[in-house]
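Peer 1: Just so it is clear, I am handing over coords.cif, which has mmCIF, C-alpha atoms and all ligand atoms.
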```cif
data_input
loop_
_atom_site.label_atom_id
_atom_site.label_comp_id
_atom_site.auth_asym_id
_atom_site.auth_seq_id
_atom_site.Cartn_x
_atom_site.Cartn_y
_atom_site.Cartn_z
CA MET A 30 -43.53 85.66 23.74
CA THR A 31 -45.98 83.08 25.10
CA GLN A 32 -45.67 79.63 23.56
CA THR A 33 -49.11 78.53 22.41
CA SER A 34 -48.30 75.42 20.36
CA GLU A 35 -47.55 72.14 22.08
CA PRO A 36 -44.35 70.25 21.15
CA ASP A 37 -44.96 67.38 18.69
CA SER A 38 -43.70 64.72 21.08
CA ASN A 39 -46.31 65.70 23.68
CA LEU A 40 -49.05 65.46 21.11
CA LYS A 41 -47.79 62.05 20.07
CA ASP A 42 -47.58 60.91 23.70
CA ARG A 43 -51.13 62.00 24.35
CA SER A 44 -52.48 60.32 21.26
CA LEU A 45 -50.61 57.09 22.11
CA GLN A 46 -51.97 57.24 25.64
CA GLY A 47 -55.45 57.66 24.18
CA ARG A 48 -54.96 54.62 21.95
CA LYS A 49 -53.82 52.53 24.90
CA SER A 50 -56.87 53.51 26.97
CA PHE A 51 -59.14 52.84 24.01
CA PHE A 52 -57.57 49.42 23.48
CA THR A 53 -58.11 48.27 27.07
CA LEU A 54 -61.69 49.57 27.29
CA ALA A 55 -62.72 48.22 23.89
CA LEU A 56 -61.19 44.82 24.70
CA LEU A 57 -63.09 44.53 27.97
CA GLU A 58 -66.30 45.61 26.26
CA TRP A 59 -65.77 43.01 23.53
CA ASN A 60 -65.20 40.43 26.25
CA GLN A 61 -68.46 41.28 28.01
CA ILE A 62 -70.66 41.47 24.95
CA HIS A 63 -69.17 39.28 22.23
CA ASN A 64 -66.82 36.74 23.76
CA ARG A 65 -68.49 33.34 23.42
CA ARG A 66 -65.41 31.14 23.77
CA GLN A 67 -66.08 28.16 26.04
CA MET A 68 -63.40 26.13 27.77
CA PRO A 69 -63.73 23.87 30.83
CA TRP A 70 -61.13 25.82 32.84
CA LYS A 71 -62.52 29.26 32.00
CA GLY A 72 -63.51 31.24 35.10
CA GLU A 73 -61.75 28.62 37.24
CA LYS A 74 -60.37 29.98 40.52
CA ASP A 75 -58.60 26.86 41.79
CA PRO A 76 -54.87 27.53 41.12
CA TYR A 77 -54.19 23.78 40.79
CA LYS A 78 -56.70 23.37 37.96
CA ILE A 79 -55.52 26.58 36.28
CA TRP A 80 -51.95 25.32 36.49
CA ILE A 81 -52.82 21.97 34.91
CA SER A 82 -54.76 23.64 32.09
CA GLU A 83 -51.97 26.14 31.38
CA ILE A 84 -49.25 23.49 31.29
CA ILE A 85 -51.32 21.33 28.93
CA LEU A 86 -51.99 24.35 26.70
CA GLN A 87 -48.34 25.43 26.54
CA GLN A 88 -47.76 23.51 23.31
CA THR A 89 -51.17 22.06 22.59
CA ARG A 90 -54.29 23.30 20.84
CA VAL A 91 -57.36 23.86 23.03
CA GLU A 92 -59.39 21.17 21.21
CA GLN A 93 -56.74 18.53 21.85
CA GLY A 94 -55.94 19.69 25.39
CA TRP A 95 -59.58 19.71 26.50
CA THR A 96 -59.97 15.92 26.92
CA TYR A 97 -56.51 15.57 28.46
CA TYR A 98 -57.41 18.26 31.00
CA GLU A 99 -60.65 16.52 31.97
CA ARG A 100 -58.97 13.13 32.28
CA PHE A 101 -56.13 14.62 34.32
CA ILE A 102 -58.40 16.43 36.77
CA LYS A 103 -60.59 13.36 37.16
CA LYS A 104 -57.64 11.12 37.97
CA PHE A 105 -55.60 13.65 39.96
CA PRO A 106 -58.12 16.15 41.39
CA ASN A 107 -55.62 18.00 43.58
CA ILE A 108 -51.93 18.55 44.34
CA LYS A 109 -51.79 15.70 46.84
CA ALA A 110 -53.18 13.16 44.37
CA LEU A 111 -50.70 14.21 41.69
CA ALA A 112 -47.71 14.37 44.05
CA SER A 113 -48.31 10.88 45.38
CA ALA A 114 -49.12 9.14 42.05
CA PRO A 115 -46.53 6.81 40.45
CA GLU A 116 -44.60 8.60 37.67
CA GLU A 117 -45.46 5.95 35.12
CA GLU A 118 -49.19 6.49 35.69
CA ILE A 119 -48.82 10.24 35.11
CA PHE A 120 -46.75 9.75 31.96
CA LYS A 121 -49.29 7.24 30.69
CA LEU A 122 -52.04 9.86 31.03
CA TRP A 123 -49.84 12.41 29.27
CA GLU A 124 -49.07 10.01 26.42
CA GLY A 125 -49.76 11.54 23.02
CA LEU A 126 -49.52 15.16 24.15
CA GLY A 127 -45.82 15.45 23.30
CA TYR A 128 -43.27 17.84 24.86
CA TYR A 129 -42.79 15.46 27.78
CA SER A 130 -40.58 17.88 29.70
CA ARG A 131 -43.88 19.53 30.66
CA CYS A 132 -44.96 16.32 32.36
CA ARG A 133 -41.62 15.88 34.13
CA ASN A 134 -41.79 19.45 35.45
CA LEU A 135 -45.40 18.97 36.51
CA ILE A 136 -44.40 15.98 38.62
CA ALA A 137 -41.41 17.83 40.13
CA SER A 138 -43.52 20.89 40.99
CA ALA A 139 -46.35 18.79 42.46
CA ARG A 140 -43.79 17.27 44.83
CA ILE A 141 -42.43 20.70 45.78
CA LEU A 142 -45.99 21.91 46.46
CA HIS A 143 -46.65 18.80 48.53
CA ASN A 144 -43.43 18.92 50.55
CA ASN A 145 -42.84 22.66 50.95
CA TYR A 146 -46.30 24.20 50.72
CA GLN A 147 -48.48 21.54 52.40
CA ASP A 148 -50.41 20.89 49.17
CA LYS A 149 -51.37 24.53 48.73
CA PHE A 150 -50.46 26.80 45.87
CA PRO A 151 -48.31 29.83 46.79
CA GLU A 152 -50.17 33.10 46.39
CA THR A 153 -47.44 35.40 45.08
CA TYR A 154 -46.27 35.77 41.50
CA GLN A 155 -42.62 35.32 42.49
CA GLU A 156 -43.19 32.06 44.36
CA ILE A 157 -45.33 30.69 41.53
CA LEU A 158 -42.60 31.62 39.04
CA GLU A 159 -40.03 29.62 41.01
CA LEU A 160 -41.86 26.33 40.42
CA LYS A 161 -40.45 24.05 37.72
CA GLY A 162 -41.88 24.44 34.25
CA ILE A 163 -43.57 27.75 35.07
CA GLY A 164 -42.37 30.78 33.11
CA PRO A 165 -43.59 34.38 33.24
CA TYR A 166 -46.65 33.65 31.08
CA THR A 167 -47.94 30.74 33.19
CA ALA A 168 -47.11 32.54 36.45
CA ALA A 169 -49.09 35.59 35.28
CA ALA A 170 -52.03 33.41 34.23
CA ILE A 171 -52.18 31.59 37.59
CA ALA A 172 -51.58 34.77 39.62
CA SER A 173 -54.27 36.75 37.80
CA PHE A 174 -56.93 34.04 37.33
CA ALA A 175 -56.65 32.51 40.81
CA PHE A 176 -55.62 35.47 42.95
CA ASN A 177 -56.54 38.50 40.78
CA LEU A 178 -52.97 39.79 40.95
CA PRO A 179 -52.06 42.46 38.37
CA HIS A 180 -49.71 40.56 36.05
CA ALA A 181 -50.23 40.63 32.29
CA VAL A 182 -49.98 37.43 30.27
CA VAL A 183 -47.76 37.67 27.19
CA ASP A 184 -48.10 34.77 24.75
CA GLY A 185 -48.44 34.34 20.99
CA ASN A 186 -51.98 35.73 21.02
CA VAL A 187 -50.91 38.83 22.92
CA PHE A 188 -47.90 39.48 20.65
CA ARG A 189 -50.14 39.24 17.62
CA VAL A 190 -53.00 41.43 18.82
CA ILE A 191 -50.77 44.16 20.23
CA SER A 192 -48.30 44.24 17.37
CA ARG A 193 -51.12 44.55 14.85
CA PHE A 194 -53.21 47.10 16.73
CA PHE A 195 -50.27 49.39 17.56
CA GLY A 196 -48.33 48.59 14.38
CA ILE A 197 -45.21 47.43 16.23
CA GLU A 198 -42.49 46.06 13.97
CA LYS A 199 -40.04 44.86 16.61
CA PRO A 200 -39.33 41.11 16.25
CA ILE A 201 -41.22 39.25 18.95
CA ASN A 202 -38.45 36.67 19.31
CA SER A 203 -35.70 39.22 19.98
CA ASN A 204 -34.76 40.22 23.53
CA GLU A 205 -35.47 43.84 22.83
CA GLY A 206 -38.84 43.06 21.23
CA ARG A 207 -39.87 40.80 24.06
CA LYS A 208 -39.02 43.40 26.69
CA PHE A 209 -40.96 46.02 24.76
CA PHE A 210 -44.08 43.85 24.47
CA VAL A 211 -43.93 42.83 28.14
CA ALA A 212 -43.72 46.49 29.24
CA LEU A 213 -46.56 47.53 26.94
CA SER A 214 -48.71 44.60 28.09
CA GLU A 215 -48.26 45.64 31.73
CA GLU A 216 -49.36 49.17 30.78
CA LEU A 217 -52.43 47.95 28.93
CA LEU A 218 -53.53 45.60 31.71
CA ASP A 219 -56.61 46.63 33.65
CA SER A 220 -55.04 46.35 37.10
CA GLN A 221 -58.45 46.39 38.78
CA ASN A 222 -59.57 43.42 36.80
CA PRO A 223 -56.50 41.52 35.54
CA ALA A 224 -58.25 38.15 35.27
CA ALA A 225 -60.91 39.45 32.87
CA TYR A 226 -58.37 41.46 30.86
CA ASN A 227 -55.96 38.52 30.47
CA GLN A 228 -58.72 36.13 29.48
CA ALA A 229 -60.12 38.69 27.04
CA ILE A 230 -56.87 39.32 25.17
CA MET A 231 -56.15 35.60 24.81
CA ASP A 232 -59.68 34.84 23.62
CA PHE A 233 -59.64 37.82 21.26
CA GLY A 234 -56.37 36.64 19.73
CA ALA A 235 -57.65 33.08 19.38
CA THR A 236 -61.06 33.88 17.88
CA VAL A 237 -60.89 37.31 16.15
CA CYS A 238 -57.32 38.50 15.59
CA LYS A 239 -56.28 35.00 14.48
CA PRO A 240 -52.89 34.17 12.92
CA VAL A 241 -54.50 33.41 9.56
CA SER A 242 -57.68 35.03 8.20
CA PRO A 243 -58.36 37.36 11.14
CA LEU A 244 -61.94 38.68 11.30
CA CYS A 245 -60.95 42.29 10.62
CA LYS A 246 -64.24 43.29 9.00
CA GLU A 247 -66.17 42.58 12.19
CA CYS A 248 -63.43 43.65 14.58
CA PRO A 249 -64.38 46.46 16.98
CA PHE A 250 -60.79 47.79 16.74
CA LYS A 251 -60.57 48.08 12.98
CA LEU A 252 -60.90 51.86 12.69
CA LYS A 253 -58.00 52.37 15.04
CA CYS A 254 -55.98 49.28 14.16
CA SER A 255 -52.66 50.31 12.64
CA ALA A 256 -52.08 47.06 10.73
CA TYR A 257 -55.59 47.10 9.25
CA ARG A 258 -55.37 50.73 8.17
CA LYS A 259 -51.93 50.29 6.64
CA ASN A 260 -52.73 46.92 5.10
CA LYS A 261 -50.04 45.15 7.11
CA VAL A 262 -52.14 42.56 8.92
CA ALA A 263 -50.45 39.59 7.22
CA GLU A 264 -46.98 40.99 7.98
CA LEU A 265 -47.40 41.31 11.73
CA PRO A 266 -46.14 40.18 14.15
CA ILE A 267 -42.54 40.10 12.92
CA LYS A 268 -40.33 37.15 13.75
CA THR A 269 -36.67 36.75 12.86
CA ASN A 270 -35.43 33.41 11.62
CA SER A 271 -33.14 32.62 14.47
CA ILE A 272 -33.87 28.98 15.18
CA SER A 273 -31.56 26.58 13.41
CA LYS A 274 -33.05 23.12 13.46
CA LYS A 275 -31.24 19.87 13.98
CA THR A 276 -32.08 16.88 11.80
CA ARG A 277 -32.04 13.41 13.35
CA TRP A 278 -32.40 9.96 11.82
CA LEU A 279 -33.88 7.41 14.19
CA ASN A 280 -33.95 3.77 13.08
CA TYR A 281 -36.06 1.66 15.37
CA TYR A 282 -35.68 -2.13 15.40
CA LEU A 283 -38.81 -3.85 16.66
CA ILE A 284 -37.43 -7.12 17.93
CA ARG A 285 -40.20 -9.60 18.41
CA CYS A 286 -39.65 -12.84 20.33
CA GLY A 287 -42.72 -15.09 20.60
CA ASP A 288 -45.56 -12.90 21.85
CA GLY A 289 -43.20 -10.27 23.27
CA LEU A 290 -41.37 -7.16 22.09
CA TYR A 291 -38.15 -5.66 23.43
CA ILE A 292 -38.61 -2.17 24.87
CA LYS A 293 -36.51 0.15 27.00
CA LYS A 294 -37.02 3.35 28.99
CA ARG A 295 -35.30 6.47 27.66
CA THR A 296 -33.34 7.85 30.57
CA GLU A 297 -30.95 10.25 28.80
CA LYS A 298 -31.54 14.01 28.97
CA ASP A 299 -33.01 14.19 25.51
CA ILE A 300 -36.36 14.21 23.79
CA TRP A 301 -38.88 11.69 25.14
CA GLN A 302 -37.06 11.25 28.47
CA ASN A 303 -38.85 8.66 30.68
CA LEU A 304 -40.88 7.28 27.79
CA TYR A 305 -40.33 3.84 26.28
CA GLU A 306 -38.87 2.95 22.90
CA PHE A 307 -37.66 0.02 20.81
CA PHE A 308 -34.05 -0.80 19.97
CA LEU A 309 -32.66 2.40 18.49
CA VAL A 310 -29.85 2.99 16.03
CA GLU A 311 -29.41 6.70 15.41
CA SER A 312 -27.55 7.68 12.26
CA LYS A 313 -26.12 10.95 10.96
CA SER A 314 -27.96 10.64 7.66
CA GLU A 315 -30.53 8.45 5.99
CA MET A 316 -29.63 4.73 5.91
CA CYS A 317 -30.64 2.64 2.91
CA ASP A 318 -32.39 -0.72 3.41
CA GLU A 319 -29.12 -2.61 2.92
CA GLN A 320 -27.40 -0.60 5.65
CA LEU A 321 -30.36 -1.12 7.96
CA LYS A 322 -30.11 -4.87 7.39
CA ASN A 323 -26.34 -4.85 7.97
CA GLU A 324 -26.81 -2.99 11.21
CA LEU A 325 -28.82 -5.97 12.43
CA SER A 326 -25.69 -8.00 13.01
CA SER A 327 -24.73 -5.64 15.83
CA ILE A 328 -27.91 -6.71 17.64
CA VAL A 329 -28.42 -10.37 16.84
CA SER A 330 -26.90 -12.95 14.53
CA ARG A 331 -28.56 -13.19 11.14
CA LYS A 332 -29.10 -16.92 11.60
CA GLN A 333 -31.24 -16.33 14.67
CA SER A 334 -33.36 -13.56 13.20
CA LYS A 335 -35.79 -13.06 10.37
CA MET A 336 -36.40 -9.65 8.81
CA VAL A 337 -40.13 -9.01 8.43
CA ASN A 338 -40.48 -5.47 7.16
CA ILE A 339 -38.71 -2.15 6.75
CA SER A 340 -41.05 0.83 6.87
CA GLY A 341 -40.94 4.03 4.90
CA THR A 342 -39.84 7.25 6.58
CA TYR A 343 -42.04 8.92 9.16
CA LYS A 344 -41.42 12.60 9.85
CA GLN A 345 -42.02 14.54 13.00
CA LYS A 346 -41.25 18.21 13.48
CA LEU A 347 -40.34 19.33 16.98
CA THR A 348 -39.51 22.91 17.94
CA HIS A 349 -35.74 22.50 17.57
CA GLN A 350 -35.47 19.21 15.73
CA ASP A 351 -36.80 17.46 12.66
CA LEU A 352 -37.05 13.73 13.16
CA PHE A 353 -36.93 11.17 10.37
CA VAL A 354 -37.91 7.77 11.70
CA ARG A 355 -37.92 4.27 10.22
CA PHE A 356 -39.08 1.02 11.75
CA ILE A 357 -37.44 -2.31 11.05
CA GLU A 358 -39.45 -5.31 12.17
CA LEU A 359 -37.77 -8.62 12.88
CA THR A 360 -38.48 -11.83 14.73
CA ILE A 361 -36.01 -13.91 16.72
CA ASP A 362 -36.23 -17.54 17.86
CA LYS A 363 -34.99 -17.16 21.39
CA PRO A 364 -34.43 -14.22 23.77
CA ILE A 365 -31.22 -12.23 23.32
CA ALA A 366 -28.87 -12.58 26.23
CA GLY A 367 -27.35 -9.38 27.61
CA LEU A 368 -29.50 -6.77 25.87
CA LYS A 369 -28.81 -4.17 28.55
CA ASP A 370 -31.72 -2.15 29.98
CA PHE A 371 -34.27 -3.86 27.72
CA GLU A 372 -37.24 -5.87 28.83
CA LEU A 373 -39.25 -8.33 26.81
CA VAL A 374 -42.85 -7.26 27.21
CA LYS A 375 -45.87 -9.19 25.98
CA PHE A 376 -47.85 -7.37 23.29
CA ASP A 377 -51.00 -7.28 25.38
CA GLN A 378 -49.04 -5.57 28.16
CA LEU A 379 -47.55 -2.77 26.02
CA LYS A 380 -50.49 -0.51 26.86
CA ARG A 381 -49.12 -0.19 30.41
CA PHE A 382 -46.06 1.71 29.15
CA PRO A 383 -45.93 5.33 27.94
CA PHE A 384 -44.49 5.68 24.41
CA PRO A 385 -43.83 8.76 22.25
CA LYS A 386 -46.72 9.61 19.96
CA LEU A 387 -44.95 8.53 16.79
CA LEU A 388 -44.19 5.08 18.20
CA ILE A 389 -47.79 4.70 19.34
CA SER A 390 -49.00 5.54 15.83
CA PHE A 391 -46.76 2.86 14.40
CA LEU A 392 -47.93 0.23 16.92
CA LEU A 393 -51.54 1.14 16.17
CA GLU A 394 -50.88 0.77 12.46
CA LYS A 395 -49.67 -2.73 13.28
CA ASN A 396 -52.95 -3.39 15.11
CA VAL A 397 -51.37 -3.60 18.54
CA ASN A 398 -54.13 -3.02 21.07
CA LEU A 399 -53.06 -0.07 23.24
CA SER A 400 -56.45 0.99 24.57
CA GLN A 401 -56.80 1.22 28.32
CA ASP A 402 -59.20 -1.25 29.92
S1 LIG A 501 -58.60 44.88 12.71
FE1 LIG A 501 -57.82 42.87 12.22
S2 LIG A 501 -55.64 42.97 12.66
FE2 LIG A 501 -56.60 44.72 13.67
S3 LIG A 501 -57.00 44.02 15.74
FE3 LIG A 501 -58.85 43.65 14.53
S4 LIG A 501 -58.65 41.54 13.80
FE4 LIG A 501 -56.63 42.20 14.50
#
```
Write the structure described by the file as structure tokens, please.

Peer 2:
Amino acid sequence: MTQTSEPDSNLKDRSLQGRKSFFTLALLEWNQIHNRRQMPWKGEKDPYKIWISEIILQQTRVEQGWTYYERFIKKFPNIKALASAPEEEIFKLWEGLGYYSRCRNLIASARILHNNYQDKFPETYQEILELKGIGPYTAAAIASFAFNLPHAVVDGNVFRVISRFFGIEKPINSNEGRKFFVALSEELLDSQNPAAYNQAIMDFGATVCKPVSPLCKECPFKLKCSAYRKNKVAELPIKTNSISKKTRWLNYYLIRCGDGLYIKKRTEKDIWQNLYEFFLVESKSEMCDEQLKNELSSIVSRKQSKMVNISGTYKQKLTHQDLFVRFIELTIDKPIAGLKDFELVKFDQLKRFPFPKLLISFLLEKNVNLSQD
């Protein structure tokens, strides 16, 4: 007997294939007709500028990153300028952006590009990926935007759009989920036009299929979008709670002597490496005002110092840590002998040093002038 009906799995495969083709075509059409998103690096072909923009955007919103990008490119217009600039100058320009390991890696990679590649960007995905601070997402962005190489970007926007449209319930922060999304993204990529496809999916995720309040009603995908049809938009993408956060208590003593303040560079492999800070006492739990005052005697004798103020608690959430920070202000009559690694810097010179964002906010609250001349 002749078999006339097709096996179910084949039918499913064909319909999935159809959905994938639809997705790519509809996305590119949306990009051509409706995408109005403007950004200074959009359409850029210079791999150096793309690299700078991508590193800035790794943990920063576009609106905030925009001015940093323009200042960065103005001051360091190419690899050579960045590779030969003093570290402190680069950190100063990065000040306020947070996640300073990005800046450290940027400096290290600029030097590799200067020394090993004669100030030119390598033109293969693999070589780009080997640079410091560049992961698969950034390598794919540089390779596709600058050299039109067929590598799909996979970031938060891509996870969200794809998981919703195809109704994928695999956790995006599991190994298995990640592999699945990467493979599917490579399949969906328009290999003839990877730059346009990559830009389109990121812009679509940022402006239409947003994390909160996506614009489903005006979305060109809505009739075929699995999450929309099944009313699961708010549930996708799925993330497992795997990150356990560390809590840290940082008590900063601002020791003022005349018109100067004691500061020190953070050199340990830790948050804020290479930035400057005040005298730090880190504790395992919150310290009350009395304990903070008692701790003073380990720095300077009570007779020589005068307590001015103890601040409330400032909080800062980092990816893997929650910081609780207090500032204790004191004045001393004469410089402290033997305060290792510290320098006494005049208040009007503090603007020359890069500080973590939270410390800058506190200094600004105290009306310390940190604006660049
Ligand atoms: S219909 Fe809604 S959830 Fe689905 S792709 Fe469009 S914006 Fe995203």

Peer 1: Can I get the residues close to ligand LIG 501 (chain A) as number ranges by chain, where close means within 12 Å and we count only C-alpha atoms and all ligand atoms?

Peer 2: A: 52, 55-56, 59, 186-197, 230, 232-266

Peer 1: Tell me which of A:Lys49, A:Lys71, A:Arg65, A:Lys161 sits closest to Ala224 (chain A), counting only C-alpha atoms.

Peer 2: A:Lys71

Peer 1: Quick one: of A:Tyr146, A:Tyr291, A:Tyr129, A:Phe353, who's nearest to Arg277 (chain A), counting all atoms listed in the file?

Peer 2: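 Closest candidate: A:Phe353.
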
Peer 1: Contacts of Ser273 (chain A) at 12 Å or less, counting only C-alpha atoms, minus same-chain residues fewer than 2 places along, as a VMD selection string?

Peer 2: chain A and resid 269 to 271 275 to 276 347 to 351

Peer 1: Within 6 Å of Leu359 (chain A), counting all atoms listed in the file, which residues qualify if same-chain residues fewer than 4 places away don't, as a list in words?

Peer 2: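 Listing them by chain and then by number gives Ile284, Lys335, Met336 and Val337 of chain A.
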
Peer 1: Figure out the distance between CA of Gly185 (chain A) and CA of Leu217 (chain A), please, to one decimal in Å.

Peer 2: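 Computed distance, CA of Leu217 (chain A) to CA of Gly185 (chain A), equals 16.3 Å.
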
Peer 1: Find the residues with any atom within 12 Å of (-54.7, 18.0, 26.0); use only C-alpha atoms and the coordinates as given in the file, and write the answer as a ChimeraX atom specification.

Peer 2: /A:69,81-102,122-128,131-132

Peer 1: Rounded to one decimal place, report the CA of Glu311 (chain A)-CA of Ser326 (chain A) distance in Å.

Peer 2: 15.4 Å

Peer 1: Excluding Gly162 (chain A) and residues on its chain fewer than 5 positions from it, collect all residues at most 10 Å away from it, counting all atoms listed in the file, and give them as a list of chain:residue names.

Peer 2: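 In the requested form, the answer reads A:Ile84, A:Ser130, A:Arg131, A:Cys132, A:Arg133, A:Asn134, A:Leu135, A:Ile136, A:Ala137, A:Ser138, A:Thr167, A:Ala168.
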
Peer 1: Reconstruct region 286-303 of chain A at the level of N, CA and C atoms, and format the result as a PDB file, in the coordinates of the input.

Peer 2:
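Output saved as selection11.pdb:
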```
ATOM      1  N   CYS A 286     -40.038 -11.471  19.944  1.00  0.00           N
ATOM      2  CA  CYS A 286     -39.650 -12.840  20.330  1.00  0.00           C
ATOM      3  C   CYS A 286     -40.906 -13.498  20.888  1.00  0.00           C
ATOM      4  N   GLY A 287     -41.449 -14.478  20.177  1.00  0.00           N
ATOM      5  CA  GLY A 287     -42.720 -15.090  20.600  1.00  0.00           C
ATOM      6  C   GLY A 287     -43.807 -14.021  20.623  1.00  0.00           C
ATOM      7  N   ASP A 288     -44.499 -13.908  21.766  1.00  0.00           N
ATOM      8  CA  ASP A 288     -45.560 -12.900  21.850  1.00  0.00           C
ATOM      9  C   ASP A 288     -45.075 -11.649  22.595  1.00  0.00           C
ATOM     10  N   GLY A 289     -43.738 -11.438  22.564  1.00  0.00           N
ATOM     11  CA  GLY A 289     -43.200 -10.270  23.270  1.00  0.00           C
ATOM     12  C   GLY A 289     -42.368  -9.367  22.359  1.00  0.00           C
ATOM     13  N   LEU A 290     -42.134  -8.154  22.854  1.00  0.00           N
ATOM     14  CA  LEU A 290     -41.370  -7.160  22.090  1.00  0.00           C
ATOM     15  C   LEU A 290     -40.365  -6.526  23.062  1.00  0.00           C
ATOM     16  N   TYR A 291     -39.155  -6.287  22.562  1.00  0.00           N
ATOM     17  CA  TYR A 291     -38.150  -5.660  23.430  1.00  0.00           C
ATOM     18  C   TYR A 291     -38.378  -4.149  23.497  1.00  0.00           C
ATOM     19  N   ILE A 292     -38.486  -3.630  24.709  1.00  0.00           N
ATOM     20  CA  ILE A 292     -38.610  -2.170  24.870  1.00  0.00           C
ATOM     21  C   ILE A 292     -37.686  -1.703  26.001  1.00  0.00           C
ATOM     22  N   LYS A 293     -37.449  -0.415  26.008  1.00  0.00           N
ATOM     23  CA  LYS A 293     -36.510   0.150  27.000  1.00  0.00           C
ATOM     24  C   LYS A 293     -36.945   1.572  27.331  1.00  0.00           C
ATOM     25  N   LYS A 294     -36.676   1.981  28.567  1.00  0.00           N
ATOM     26  CA  LYS A 294     -37.020   3.350  28.990  1.00  0.00           C
ATOM     27  C   LYS A 294     -35.923   4.304  28.558  1.00  0.00           C
ATOM     28  N   ARG A 295     -36.308   5.466  28.039  1.00  0.00           N
ATOM     29  CA  ARG A 295     -35.300   6.470  27.660  1.00  0.00           C
ATOM     30  C   ARG A 295     -34.935   7.274  28.905  1.00  0.00           C
ATOM     31  N   THR A 296     -33.717   7.168  29.327  1.00  0.00           N
ATOM     32  CA  THR A 296     -33.340   7.850  30.570  1.00  0.00           C
ATOM     33  C   THR A 296     -32.433   9.051  30.317  1.00  0.00           C
ATOM     34  N   GLU A 297     -31.884   9.160  29.091  1.00  0.00           N
ATOM     35  CA  GLU A 297     -30.950  10.250  28.800  1.00  0.00           C
ATOM     36  C   GLU A 297     -31.700  11.584  28.802  1.00  0.00           C
ATOM     37  N   LYS A 298     -30.949  12.669  29.052  1.00  0.00           N
ATOM     38  CA  LYS A 298     -31.540  14.010  28.970  1.00  0.00           C
ATOM     39  C   LYS A 298     -31.690  14.364  27.499  1.00  0.00           C
ATOM     40  N   ASP A 299     -32.798  14.058  26.953  1.00  0.00           N
ATOM     41  CA  ASP A 299     -33.010  14.190  25.510  1.00  0.00           C
ATOM     42  C   ASP A 299     -34.512  14.222  25.287  1.00  0.00           C
ATOM     43  N   ILE A 300     -34.930  14.294  24.038  1.00  0.00           N
ATOM     44  CA  ILE A 300     -36.360  14.210  23.790  1.00  0.00           C
ATOM     45  C   ILE A 300     -36.895  12.887  24.356  1.00  0.00           C
ATOM     46  N   TRP A 301     -38.165  12.891  24.706  1.00  0.00           N
ATOM     47  CA  TRP A 301     -38.880  11.690  25.140  1.00  0.00           C
ATOM     48  C   TRP A 301     -38.292  11.043  26.403  1.00  0.00           C
ATOM     49  N   GLN A 302     -37.629  11.823  27.239  1.00  0.00           N
ATOM     50  CA  GLN A 302     -37.060  11.250  28.470  1.00  0.00           C
ATOM     51  C   GLN A 302     -38.173  10.627  29.308  1.00  0.00           C
ATOM     52  N   ASN A 303     -37.921   9.447  29.842  1.00  0.00           N
ATOM     53  CA  ASN A 303     -38.850   8.660  30.680  1.00  0.00           C
ATOM     54  C   ASN A 303     -39.916   7.905  29.887  1.00  0.00           C
TER      55      ASN A 303
END
```
